[in-house]
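A.B. asks: Take this structure, written in structure tokens, and hold onto it; I'll ask about it next.
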Amino acid sequence: MINNSDFKICFSVMTVLTILVGLFQSWGIALSMLNLCLISAVMAMGVNIQWGLAGLINFGVMGFLAIGGLATILVSVPPVPEAWSAGGLGILISGLFLVAIVFSVLIINKKIPNHKYKNYFIFFIIILSIPLLKFIAGPSISKIESINAATSGFLGGANLPIIFSWFVGAILCALVAFVVGKVCLGLRSDYLAISTLLVSGIIITIVKHEEWLSRGVKNVIGLKRPVPYEVDLQNSEWFIKLVEFFNSSRLSNILDPDEKISLLNQLVITSSGVFVKLCFSLIFLVVVITILYFSEKALNSPWGRMMRAIRDNEEAAKAMGKNVVKQHLFIFMLGSAIIGFAGAMLVTYDGLFTPSSYQPLRYTFLIWVMVLLGGTGNNYGAILGGFVVWFIWIQSAPFALLVINIFTNHLDETNYIKEHLLNSVPYFRYLMMGLGLLLVMRYRPKGLLPEKIIKN
Amino acid sequence: MDFLNSIILLTNFIIVPGITYGSQLALGAIGVTLIYGVLRFANFAYGDLMAFGTMIVILVTWFLQSKGITFGLLPTALLALPVGILLTIVVSLFFDKTVFEYYRNKKSDPVTFIVVSLGIMFVLNAVVRIIIGPNDINFMDGHKFIMKAREFKKMTGLNEGLALKSTQVITLITTIITCSILFYFLNKTKTGKSMRAYSNNEDLALLSGIDPKKIVLLTWIIVSILATVAGTLYGLDKSFKPFTYFNNLLPIFAATIVGGIGNPLGAFYGGFLIAFSEIGLTYAYKKFFKYIMPEGLEPSTLIQFISTDYKFAISFAILIVVLIFRPNGIFKGKVI
């Protein structure tokens with residue numbers, strides 16, 4: 001893996017970008033950029049598995065990310081006993097009802113031979129179940145939401161370490177992807193794109209409006225962390241010693257003891273933030289490398305070759321006896337699970353879950369730009385895309401500010417156009433993304449690191 | 001009397017808003033379907049094209065208003081519409097020349113077109129937000145109501161009022177005019193027929209001497225007109241916000257596919273189908289049943305099929321049902 005030239009390119013771009021930002025801006029910014037780049041890389045690998053390996057267009061990335069985020073709440077938040085006693089039973093019953101409906105539909109679909117009215121019957125069951133479900137769950141939902149509406153108003157979670165939620169998020173996403181895939185995967189490419197986009201819209205609406213589950217637009221803040229808190233670090237002996245050790249030359253130059261202590265305090269505060277981010281970076285790096293390792297293994301295995309064969313010529317693969325439908329469903333679930341994993345990582349890193357922040361442009365299409373820009377079908381390409389695109393996304397606002405300032409230097413501060421342009425600086429990142437995507441599609445249609453097929 | 005009241009209630013809350021929203025969706029969906037039929041790809045930049053056209057209309061409206069020019073009882077935006085349409089056509093043709101033409105000549109697969117249209121979506125999104133900002137803008141002026149609910153109650157002596165906003169009537173009239181011209185053009189004129197022929201079978205159309213460049217040019221012009229008109233009508237009726245325009249892409253796509261992708265008449269009906277199901281299924285019928293049910297049998301719940309939060313889910317559900325039962329759409333797709 002290390003001898004691979006793509007790996008070298010990826011790694012050096014990653015390091016150079018981080019060091020550049022660290023030197024010119026600050027190490028805190030550099031590390032938080034690195035962390036988000038790593039998360040983006042995981043998302044991009046998830047999409048790359050679906051699109052690059054199997055040629056499935058999934059425009060529902062946003063929805064799977066939100067499910068991953070929801071998993072962090074369900075796993076890590078302490079449960080709300082009052083809410084459980086008030087409406088827990090009703091929710092459980094309606095959950096069982098929902099499961100029963102899904103199973104009965106599946107059984108009917110499988111057991112009853114192709115009758116003319118079978119589909120109509122299934123449709124009828126689903127239509128009937130919606131008002132019934134509302135009737136069963138309605139009272140308990142309003143009870144749960146009325147308990148401490150300002151601070152909780154939801155069921156809470158399982159109070160487990162948040163790291164579990166990453167796996168739970170992946171499993172949940174795979175389950176949802178199974179249902180979505182069963183319905184949508186038979187569709188042609190453009191229909192699939194549109195319907196997955198619609199599905200993600202629905203998932204976001206559910207997360208936003210089912211307040212008993214996720215607190216909805218009221219957000220969940222102060223989630224647990226897999227790494228230490230800054231405050232604890234600042235009060236722990238070993239951390240202060242560590243900071244003292246690293247800055248010993250700087251501290252020894254100062255003779256006045258009071259000044260020395262105040263400088264040390266300041267250093268401890270800034271480096272505690274950096275340390276926390278560094279811990280996150282390490283965990284994320286382990287995740288990225290693990291997923292990369294397994295995807296590379298898979299890509300070069302007989303299974304990966306079969307997937308590529310299906311992607312490049314579905315008919316031929318079918319003729320060779322490969323079960324295309326089954327493999328598509330499997331890879332759709334796998335890719336969605338990785339996206340869900342990344343979604344849980346993102347929420348863990350942010351420490352809060354805000355359903356209203358999920359927008360398709362940022363959470364679906366940006367990830368797609370990463371994959372397309374980096375290189376379709378190449379895992380290193382996806383990682384590189386994650387890094388480069390996130391870097392541009394973050395740095396284009398300061399860059400636009402600079403350019404605007406250069407061009408409007410001769411105008412005075414109160415000039416209408418100048419003020420307007422300065423206010424719209426954040427939107428220049430969309431422009432950069434669009435132009436970048438168009439240029440790459442035109443001049444390097446296979447992305448920056450094109451797919452390499454090893455022939456043995 | 002109760003029966004009349006119940007009818008008025010439904011008209012006020014379902015039929016009138018449904019027709020308005022349906023017209024806006026229908027205009028949008030015809031645009032998407034034309035692009036699909038002639039250029040053969042799903043254009044994800046369409047919502048932002050609508051936003052762009054509307055933005056130009058708003059800017060011209062502001063300019064006219066600052067000069068003291070208004071359109072009397074009608075909104076000034078209608079005066080600004082031609083300028084908006086013209087600039088949108090320019091922008092569409094610019095993107096076609098710089099971006100789409102290259103892939104068309106290369107005969108790229110539909111997925112490449114979708115990806116490229118995503119790039120244009122990003123660019124247009126940025127342009128609209130940089131020029132006019134991401135906030136809600138209300139640019140409706142002129143006479144707001146044709147009939148207010150209170151006036152209607154006084155006039156008829158009924159309990160229920162029927163409000164008629166002027167934007168609703170404008171939307172309906174504009175849609176009727178636009179669609180009749182469009183369908184006349186597609187079905188009766190020679191150019192329209194050649195467009196349909198091109199959409200139906202490209203090779204055969206080329207053999208019969210139809211100029212593909214002319215057809216593409218014409219399609220973009222028609223699509224830009226439809227996008228600007230639909231966007232402006234939606235903005236007048238509700239308000240202008242770039243993000244809403246992007247979101248409207250979803251019901252528009254649903255309407256297009258439901259009606260049979262590539263089929264303008266289908267898209268027209270699809271728009272109304274989506275609009276009426278969205279409004280009809282999220283409306284709480286409690287009051288309606290109060291009027292028509294005998295006393296003592298009134299419902300205690302809202303009688304709402306699904307809460308208004310799930311409007312999107314309805315367009316998706318219809319889409320799935322249609323795709324399972326009639327994969328080519330309710331009306332046969334792929335033919336203009």
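Ligands are numbered from 1 in the order shown, chains are lettered A, B, ... in the order of the structure tokens, and residues start at 1 in each chain.
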For a quick test of understanding: name the residues of chain B lying within 8 Å of chain A when counting only C-alpha atoms, and present them as an MDAnalysis selection string.

C.D. replies: chainID B and resid 41:42 99 110:111 114 116 118:127 129:131 133 250 253 305:306 309:310 312:313 316 320:321 325

A.B. asks: Give me, as JSON, numbers by chain, all polymer residues having an atom no more than 9 Å from Phe268 of chain B, counting only C-alpha atoms and skipping those fewer than 3 positions away in the same chain.

C.D. replies: {"B": [22, 23, 25, 26, 27, 28, 29, 30, 179, 255, 256, 259, 263, 264, 265, 271, 272, 273]}

A.B. asks: Export, as a PDB file, in the first residue's frame, the selected residues with C-alpha atoms.

C.D. replies:
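File result_8.pdb, as written:
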```
ATOM      1  CA  GLY B  22     -50.435  23.060  -9.721  1.00  0.00           C
ATOM      2  CA  SER B  23     -50.026  25.673 -12.460  1.00  0.00           C
ATOM      3  CA  LEU B  25     -45.495  23.064 -10.896  1.00  0.00           C
ATOM      4  CA  ALA B  26     -46.917  22.302 -14.335  1.00  0.00           C
ATOM      5  CA  LEU B  27     -44.985  25.135 -15.986  1.00  0.00           C
ATOM      6  CA  GLY B  28     -41.809  23.987 -14.256  1.00  0.00           C
ATOM      7  CA  ALA B  29     -42.398  20.348 -15.108  1.00  0.00           C
ATOM      8  CA  ILE B  30     -42.979  21.075 -18.795  1.00  0.00           C
ATOM      9  CA  CYS B 179     -49.567  26.464 -22.219  1.00  0.00           C
ATOM     10  CA  ALA B 255     -44.525  15.757 -11.600  1.00  0.00           C
ATOM     11  CA  THR B 256     -42.333  15.198 -14.640  1.00  0.00           C
ATOM     12  CA  GLY B 259     -46.645  12.453 -16.182  1.00  0.00           C
ATOM     13  CA  ASN B 263     -44.206  14.177 -22.437  1.00  0.00           C
ATOM     14  CA  PRO B 264     -45.258  17.856 -22.011  1.00  0.00           C
ATOM     15  CA  LEU B 265     -48.966  17.158 -21.680  1.00  0.00           C
ATOM     16  CA  GLY B 271     -48.014  19.083 -11.897  1.00  0.00           C
ATOM     17  CA  PHE B 272     -51.695  19.301 -10.966  1.00  0.00           C
ATOM     18  CA  LEU B 273     -51.751  15.752  -9.636  1.00  0.00           C
TER      19      LEU B 273
END
```

A.B. asks: Using only C-alpha atoms, determine which residues lie at most 10 Å from Leu182 of chain B, disregarding the query and same-chain residues fewer than 6 positions distant; provide the list as a PyMOL selection string.

C.D. replies: chain B and resi 30+176+188+192+222+226+264

A.B. asks: Can I get the selection written as a PDB file, in the first residue's frame, with C-alpha atoms?

C.D. replies:
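Contents of again21.pdb, as written:
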```
ATOM      1  CA  ILE B  30     -42.979  21.075 -18.795  1.00  0.00           C
ATOM      2  CA  ILE B 176     -53.420  29.077 -19.646  1.00  0.00           C
ATOM      3  CA  LYS B 188     -49.535  22.633 -35.161  1.00  0.00           C
ATOM      4  CA  GLY B 192     -42.845  22.365 -33.265  1.00  0.00           C
ATOM      5  CA  ILE B 222     -38.745  27.674 -24.517  1.00  0.00           C
ATOM      6  CA  LEU B 226     -41.101  28.520 -18.812  1.00  0.00           C
ATOM      7  CA  PRO B 264     -45.258  17.856 -22.011  1.00  0.00           C
TER       8      PRO B 264
END
```

A.B. asks: Do you know which residues are at most 12 Å from Leu4 of chain B counting only C-alpha atoms, after dropping those on the same chain fewer than 6 positions away, and could you put them as a list in words?

C.D. replies: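 Using only C-alpha atoms, the neighbours found are Leu10, Thr11, Thr156, Gly157, Leu158, Asn159, Glu160, Gly161, Leu162, Phe288, Tyr291 and Ile292 of chain B.
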
A.B. asks: Go ahead and write the residues just picked, C-alpha atoms, as a PDB file, in the first residue's frame.

C.D. replies:
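Below is the file selection21.pdb, written as the result:
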```pdb
ATOM      1  CA  LEU B  10     -62.965  23.048   0.222  1.00  0.00           C
ATOM      2  CA  THR B  11     -62.752  25.576  -2.608  1.00  0.00           C
ATOM      3  CA  THR B 156     -73.377  35.634   0.357  1.00  0.00           C
ATOM      4  CA  GLY B 157     -74.315  35.406   4.024  1.00  0.00           C
ATOM      5  CA  LEU B 158     -72.423  32.108   4.407  1.00  0.00           C
ATOM      6  CA  ASN B 159     -70.287  31.160   7.376  1.00  0.00           C
ATOM      7  CA  GLU B 160     -67.276  30.313   5.258  1.00  0.00           C
ATOM      8  CA  GLY B 161     -65.325  32.891   3.305  1.00  0.00           C
ATOM      9  CA  LEU B 162     -63.693  32.509  -0.065  1.00  0.00           C
ATOM     10  CA  PHE B 288     -65.598  19.956   6.481  1.00  0.00           C
ATOM     11  CA  TYR B 291     -70.710  20.677   8.032  1.00  0.00           C
ATOM     12  CA  ILE B 292     -71.767  17.572   6.188  1.00  0.00           C
TER      13      ILE B 292
END
```

A.B. asks: Can you work out the spacing between atom CA of Val268 of chain A and atom CA of Phe391 of chain A in Å, to one decimal?

C.D. replies: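 Between atom CA of Val268 of chain A and atom CA of Phe391 of chain A the gap works out to 28.0 Å.
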
A.B. asks: What does the distance between atom CA of Gln65 of chain B and atom CA of Leu233 of chain B come to in Å, to one decimal place?

C.D. replies: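 Taking atom CA of Gln65 of chain B and atom CA of Leu233 of chain B, their separation equals 18.5 Å.
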
A.B. asks: So how many Å separate atom CA of Glu82 of chain A and atom CA of Pro139 of chain A, to one decimal?

C.D. replies: 15.2 Å

A.B. asks: Using DSSP on the backbone, list every residue of segment 136-381 of chain A that comes out as helix (DSSP H, G or I), and give them as a count of residues only.

C.D. replies: 189

A.B. asks: Can you work out which one of B:Ile132, B:Leu74, B:Ile261, B:Val57 has the shortest atom-to-atom distance to Val32 of chain B, counting only C-alpha atoms?

C.D. replies: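 Once distances to Val32 of chain B are computed over only C-alpha atoms, the minimum belongs to B:Ile261.
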
A.B. asks: Hey, what's within 9 Å of Leu49 of chain B if we count only C-alpha atoms and toss same-chain stuff fewer than 3 positions away? As a PyMOL selection string, please?

C.D. replies: chain B and resi 45-46+52-54+88+91-92+121+124-125+224+227-228+231

A.B. asks: Near segment 239-244 of chain B, counting only C-alpha atoms, which residues have an atom at most 9 Å away, once you skip same-chain residues fewer than 5 positions from it, shown as JSON, numbers by chain?

C.D. replies: {"B": [47, 48, 51, 52, 54, 55, 58, 125, 128, 129, 133, 134, 135, 136, 137, 138, 139, 140, 231, 232, 234, 249]}

A.B. asks: Restricting the calculation to only C-alpha atoms, which member of B:Leu73, B:Met195, B:Val169, B:Ile318 is positioned closest to Leu34 of chain B?

C.D. replies: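 Smallest distance to Leu34 of chain B is found for B:Met195.
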